[in-house]
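Okay, structure first, notes after.
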Amino acid sequence: MGLLLKIFIPLLGVALAFYLYSAPMNFSEEMLRGKRVIVTGASSGIGEQMAYHLARMEAHLLLTARTEAKLQKVVERCLKLGAASASYVSGSMEDTAFAEVVVREAENTWGGLDMLILNHIGRTYFNYFNGDVEHVRKLLETNFLSYVAMTVSALPMLKESEGSIVVVSSLAGKTSSPFAAPYSATKFALDGFFGSLRNEFIIEKVNVSITLCILGYINTENAVRAVSHVIQDTPAPKEDCALQIIQGAALRQREVHYPPRLVSILLLLRAFAPEFLDSLTRNNYKVENIQRT
Ligand SMILES: NC(=O)c1ccc[n+]([C@@H]2O[C@H](COP(=O)([O-])OP(=O)(O)OC[C@H]3O[C@@H](n4cnc5c(N)ncnc54)[C@H](OP(=O)(O)O)[C@@H]3O)[C@@H](O)[C@H]2O)c1
Ligand SMILES: *[C@@H]1O[C@H](CO)[C@@H](O)[C@H](O)[C@H]1NC(C)=O
Ligand SMILES: *[C@@H]1O[C@H](CO)[C@@H](O)[C@H](O)[C@H]1NC(C)=O
């Protein structure tokens with residue numbers, strides 16, 4: 001009996017503590033109800049789908065992209081789906097001043113912010129690197145610097161609300177595949193910047209979560225148009241992709257992988273057999289369909 005008390009009870013305690021500590025939190029749609037969320041690149045593709053999910057979950061939405069006519073339609077649909085409120089600001093993220101305008105708009109209407117979803121990307125080419133340094137600079141402004149500028153502007157509000165930053169990246173931001181040199185560079189930059197920031201938040205006990213989303217090939221119109229003649233894999237559905245991003249963000253996960261298994265396996269391969277992964281990628285591409293421009 002003495003032995004039992006001395007060993008079994010403490011062991012049980014440790015096991016229970018471990019279980020309670022590690023029991024995964026479950027997602028529920030209420031987590032987003034009434035939350036104030038900015039979604040960038042929300043006029044089409046994955047950003048548009050995230051807006052619809054958030055609307056169904058009764059969040060407050062501020063959407064942004066360049067094309068006003070598309071944003072108007074997305075806002076209308078969000079209101080029908082049940083958004084607590086929905087509005088938009090249109091403009092180009094090539095200009096980091098616009099990034100600050102969007103955050104100020106949230107501050108003026110809500111006086112706070114719970115989630116910043118950074119998702120937009122500028123137009124680029126899918127082809128051999130053409131030596132255009134100006135294009136790389138421009139793409140860095142749109143795909144990377146505007147993310148930094150929005151984060152800086154939004155941080156006081158996010159600290160106040162113990163909110164979340166969601167950064168939408170790509171397998172091309174973790175592994176190097178051909179024909180996407182400028183794009184890949186901007187996505188790798190996001191990993192470095194936001195990974196460093198996450199560590200600083202932990203050191204300084206800033207309770208703002210950072211979720212980096214590593215996406216494979218998704219069936220958005222623009223992506224399919226850009227790569228389907230070279231990449232023959234079936235793209236994953238944008239609706240489910242958008243939902244998985246929101247769930248991961250609400251659960252304050254470090255990373256979201258989508259499609260989950262495929263991305264996780266490729267990242268493991270990259271860690272243990274990078275040259276093998278590179279050759280797999282090259283062999284999977286219909287390189288003969290790339291016309292040098
Ligand atoms: N689809 C994929 O296969 C895939 C794979 C990996 C990662 N991702 C990532 O997922 C995210 C969304 O991709 P997606 O396929 O949904 O893209 P998408 O359909 O092309 O949407 C891009 C969004 O960004 C906006 N945008 C474009 N240029 C802009 C600018 N200069 N300033 C502000 N907004 C601008 C677009 O609207 P306007 O044209 O109206 O401005 C649109 O709302 C991106 O971060 C992308 O890198 C996608
Ligand atoms: C999450 O859901 C599972 C299965 O529905 C359940 O067994 C578990 O207790 C839930 N965890 C929490 C933290 O609520
Ligand atoms: C951080 O914020 C989240 C969301 O408000 C909360 O659930 C969590 O308990 C907070 N963590 C700490 C350590 O304060």
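The way I read the labels, and the way they are meant: chains A, B, ... in the order of the structure tokens, residue 1 as the first residue of every chain, and ligand 1 as the first ligand shown, with later ones counted on from there.
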
Give one line per residue of chain A that approaches ligand 3 to at most 12 Å, naming the two atoms of the closest pair and their distance in Å to one decimal, counting only C-alpha atoms and all ligand atoms; sort by chain then ascending residue number and deliver it as JSON lines.
{"residue": "A:Met25", "atom": "CA", "partner": "ligand 3", "partner_atom_place_in_ligand_line": "7 (O)", "distance": 10.4}
{"residue": "A:Met31", "atom": "CA", "partner": "ligand 3", "partner_atom_place_in_ligand_line": "4 (C)", "distance": 9.8}
{"residue": "A:Leu32", "atom": "CA", "partner": "ligand 3", "partner_atom_place_in_ligand_line": "4 (C)", "distance": 11.5}
{"residue": "A:Lys35", "atom": "CA", "partner": "ligand 3", "partner_atom_place_in_ligand_line": "5 (O)", "distance": 11.3}
{"residue": "A:Asp114", "atom": "CA", "partner": "ligand 3", "partner_atom_place_in_ligand_line": "5 (O)", "distance": 9.2}
{"residue": "A:Met115", "atom": "CA", "partner": "ligand 3", "partner_atom_place_in_ligand_line": "4 (C)", "distance": 11.0}
{"residue": "A:Leu158", "atom": "CA", "partner": "ligand 3", "partner_atom_place_in_ligand_line": "5 (O)", "distance": 10.1}
{"residue": "A:Lys159", "atom": "CA", "partner": "ligand 3", "partner_atom_place_in_ligand_line": "2 (O)", "distance": 9.4}
{"residue": "A:Glu160", "atom": "CA", "partner": "ligand 3", "partner_atom_place_in_ligand_line": "5 (O)", "distance": 9.6}
{"residue": "A:Ser161", "atom": "CA", "partner": "ligand 3", "partner_atom_place_in_ligand_line": "5 (O)", "distance": 6.8}
{"residue": "A:Glu162", "atom": "CA", "partner": "ligand 3", "partner_atom_place_in_ligand_line": "5 (O)", "distance": 4.8}
{"residue": "A:Gly163", "atom": "CA", "partner": "ligand 3", "partner_atom_place_in_ligand_line": "4 (C)", "distance": 6.5}
{"residue": "A:Ser164", "atom": "CA", "partner": "ligand 3", "partner_atom_place_in_ligand_line": "4 (C)", "distance": 8.6}
{"residue": "A:Phe201", "atom": "CA", "partner": "ligand 3", "partner_atom_place_in_ligand_line": "13 (C)", "distance": 11.3}
{"residue": "A:Ile202", "atom": "CA", "partner": "ligand 3", "partner_atom_place_in_ligand_line": "13 (C)", "distance": 9.5}
{"residue": "A:Ile203", "atom": "CA", "partner": "ligand 3", "partner_atom_place_in_ligand_line": "13 (C)", "distance": 12.0}
{"residue": "A:Glu204", "atom": "CA", "partner": "ligand 3", "partner_atom_place_in_ligand_line": "13 (C)", "distance": 11.5}
{"residue": "A:Lys205", "atom": "CA", "partner": "ligand 3", "partner_atom_place_in_ligand_line": "13 (C)", "distance": 7.7}
{"residue": "A:Val206", "atom": "CA", "partner": "ligand 3", "partner_atom_place_in_ligand_line": "1 (C)", "distance": 8.5}
{"residue": "A:Asn207", "atom": "CA", "partner": "ligand 3", "partner_atom_place_in_ligand_line": "1 (C)", "distance": 4.9}
{"residue": "A:Val208", "atom": "CA", "partner": "ligand 3", "partner_atom_place_in_ligand_line": "1 (C)", "distance": 7.0}
{"residue": "A:Ser209", "atom": "CA", "partner": "ligand 3", "partner_atom_place_in_ligand_line": "1 (C)", "distance": 7.9}
{"residue": "A:Ile210", "atom": "CA", "partner": "ligand 3", "partner_atom_place_in_ligand_line": "1 (C)", "distance": 11.7}
{"residue": "A:Ala249", "atom": "CA", "partner": "ligand 3", "partner_atom_place_in_ligand_line": "4 (C)", "distance": 11.1}
{"residue": "A:Ala250", "atom": "CA", "partner": "ligand 3", "partner_atom_place_in_ligand_line": "4 (C)", "distance": 8.9}
{"residue": "A:Leu251", "atom": "CA", "partner": "ligand 3", "partner_atom_place_in_ligand_line": "7 (O)", "distance": 9.1}
{"residue": "A:Arg252", "atom": "CA", "partner": "ligand 3", "partner_atom_place_in_ligand_line": "3 (C)", "distance": 8.2}
{"residue": "A:Gln253", "atom": "CA", "partner": "ligand 3", "partner_atom_place_in_ligand_line": "3 (C)", "distance": 11.7}

Close residues, range 239-242 of chain A itself excluded, 9 Å, only C-alpha atoms, min 3 positions apart in chain, as JSON, numbers by chain: {"A": [45, 46, 47, 48, 49, 50, 51, 53, 215, 218, 236, 245, 246, 247, 258, 259]}

Preceding selection exported with C-alpha atoms as a compact mmCIF listing (two decimals), in the first residue's frame:
# COMPACT_ATOMS: atom_id res chain seq x y z
CA GLY A 45 -9.28 33.23 -54.35
CA ILE A 46 -8.47 32.03 -50.83
CA GLY A 47 -8.94 35.50 -49.29
CA GLU A 48 -12.50 35.71 -50.65
CA GLN A 49 -13.28 32.24 -49.24
CA MET A 50 -11.86 33.19 -45.83
CA ALA A 51 -14.17 36.21 -45.81
CA HIS A 53 -16.26 31.54 -43.63
CA LEU A 215 0.05 26.02 -48.80
CA ILE A 218 -4.81 25.37 -54.49
CA ALA A 236 -6.72 21.27 -53.54
CA ILE A 245 -6.42 28.55 -42.16
CA ILE A 246 -9.12 30.13 -39.98
CA GLN A 247 -9.22 27.13 -37.67
CA TYR A 258 -2.55 22.54 -46.47
CA PRO A 259 -3.13 19.98 -47.91

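All residues of protein, DNA or RNA that reach within 9 Å of range 224-235 of chain A, judged by only C-alpha atoms and not counting those fewer than 6 positions away in the chain, are Tyr125, Phe126, Gly216, Tyr217, Ile218, Asn284, Tyr285, Lys286, Val287, Glu288, Asn289 and Ile290 of chain A.
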
Writing out the chosen residues with N, CA, C and O atoms as a PDB file, in the first residue's frame:
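In the end it all went to again17.pdb:
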ATOM      1  N   TYR A 125       5.466  36.452 -62.692  1.00  0.00           N
ATOM      2  CA  TYR A 125       5.464  35.506 -63.816  1.00  0.00           C
ATOM      3  C   TYR A 125       5.882  34.137 -63.317  1.00  0.00           C
ATOM      4  O   TYR A 125       6.567  34.019 -62.289  1.00  0.00           O
ATOM      5  N   PHE A 126       5.449  33.081 -64.024  1.00  0.00           N
ATOM      6  CA  PHE A 126       5.867  31.717 -63.715  1.00  0.00           C
ATOM      7  C   PHE A 126       6.749  31.280 -64.867  1.00  0.00           C
ATOM      8  O   PHE A 126       6.279  30.820 -65.902  1.00  0.00           O
ATOM      9  N   GLY A 216       0.133  24.243 -50.425  1.00  0.00           N
ATOM     10  CA  GLY A 216       0.518  23.622 -51.689  1.00  0.00           C
ATOM     11  C   GLY A 216      -0.327  24.240 -52.800  1.00  0.00           C
ATOM     12  O   GLY A 216      -0.792  25.380 -52.677  1.00  0.00           O
ATOM     13  N   TYR A 217      -0.552  23.470 -53.849  1.00  0.00           N
ATOM     14  CA  TYR A 217      -1.273  23.967 -55.031  1.00  0.00           C
ATOM     15  C   TYR A 217      -2.779  23.985 -54.741  1.00  0.00           C
ATOM     16  O   TYR A 217      -3.367  22.947 -54.450  1.00  0.00           O
ATOM     17  N   ILE A 218      -3.397  25.180 -54.822  1.00  0.00           N
ATOM     18  CA  ILE A 218      -4.812  25.373 -54.489  1.00  0.00           C
ATOM     19  C   ILE A 218      -5.550  25.850 -55.743  1.00  0.00           C
ATOM     20  O   ILE A 218      -5.004  26.631 -56.530  1.00  0.00           O
ATOM     21  N   ASN A 284       8.512  16.451 -61.725  1.00  0.00           N
ATOM     22  CA  ASN A 284       7.052  16.554 -61.703  1.00  0.00           C
ATOM     23  C   ASN A 284       6.556  17.674 -62.632  1.00  0.00           C
ATOM     24  O   ASN A 284       5.385  17.719 -62.975  1.00  0.00           O
ATOM     25  N   TYR A 285       7.452  18.587 -63.029  1.00  0.00           N
ATOM     26  CA  TYR A 285       7.062  19.719 -63.876  1.00  0.00           C
ATOM     27  C   TYR A 285       7.168  19.352 -65.356  1.00  0.00           C
ATOM     28  O   TYR A 285       8.115  18.671 -65.754  1.00  0.00           O
ATOM     29  N   LYS A 286       6.210  19.809 -66.162  1.00  0.00           N
ATOM     30  CA  LYS A 286       6.310  19.679 -67.614  1.00  0.00           C
ATOM     31  C   LYS A 286       7.131  20.866 -68.120  1.00  0.00           C
ATOM     32  O   LYS A 286       6.581  21.852 -68.630  1.00  0.00           O
ATOM     33  N   VAL A 287       8.458  20.726 -67.981  1.00  0.00           N
ATOM     34  CA  VAL A 287       9.359  21.843 -68.284  1.00  0.00           C
ATOM     35  C   VAL A 287       9.272  22.258 -69.755  1.00  0.00           C
ATOM     36  O   VAL A 287       9.418  23.434 -70.102  1.00  0.00           O
ATOM     37  N   GLU A 288       8.952  21.270 -70.617  1.00  0.00           N
ATOM     38  CA  GLU A 288       8.890  21.589 -72.047  1.00  0.00           C
ATOM     39  C   GLU A 288       7.767  22.587 -72.361  1.00  0.00           C
ATOM     40  O   GLU A 288       7.767  23.212 -73.418  1.00  0.00           O
ATOM     41  N   ASN A 289       6.812  22.739 -71.424  1.00  0.00           N
ATOM     42  CA  ASN A 289       5.720  23.695 -71.666  1.00  0.00           C
ATOM     43  C   ASN A 289       6.058  25.115 -71.236  1.00  0.00           C
ATOM     44  O   ASN A 289       5.227  26.014 -71.330  1.00  0.00           O
ATOM     45  N   ILE A 290       7.259  25.318 -70.709  1.00  0.00           N
ATOM     46  CA  ILE A 290       7.676  26.670 -70.328  1.00  0.00           C
ATOM     47  C   ILE A 290       8.378  27.308 -71.524  1.00  0.00           C
ATOM     48  O   ILE A 290       9.396  26.797 -71.994  1.00  0.00           O
TER      49      ILE A 290
END

Problem set entry | Exercise answer, 8 Å around ligand 1 with only C-alpha atoms and all ligand atoms, as a ChimeraX atom specification | /A:40-48,64-68,70-71,90-94,118-123,142-143,167-172,183,187,214-224,235,238

According to DSSP computed on the backbone, where in range 36-255 of chain A is there strand (DSSP E or B)? Give the residues as a VMD selection string.
chain A and resid 36 to 40 60 to 65 85 to 90 115 to 118 164 to 170 209 to 215 218 231 236 255

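Neighbours of Pro178 in chain A closer than or equal to 9 Å, with only C-alpha atoms counted and sequence neighbours fewer than 6 positions away skipped, come out as Phe126, Asn127, Tyr128, Phe129, Thr281 and Arg282 of chain A.
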
inquiry  = I need the residues of range 67-270 of chain A that end up classed as helix (DSSP H, G or I) by DSSP on the backbone, written out as a PyMOL selection string.
reply    = chain A and resi 68-81+96-110+133-161+171-173+181-203+221-227+238-250+260-270

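Take the candidates A:Arg104, A:Asn26, A:His257, A:Ala83 and check each one against ligand 2 using only C-alpha atoms and all ligand atoms; the shortest distance goes to A:Asn26.
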
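The two atoms in question, CA of Pro182 in chain A and CA of Val136 in chain A, are spaced 5.3 Å apart.
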
For ligand 2, the closest of A:Ala97, A:Val166, A:Pro24, A:Met150 counting only C-alpha atoms and all ligand atoms is A:Pro24

Could you pull the residues within 9 Å of Trp110 in chain A, counting only C-alpha atoms, minus those fewer than 4 positions along the same chain, as a list in words?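 Near neighbours after the sequence-gap exclusion: Arg36, His60, Glu105 and Ala106 of chain A.
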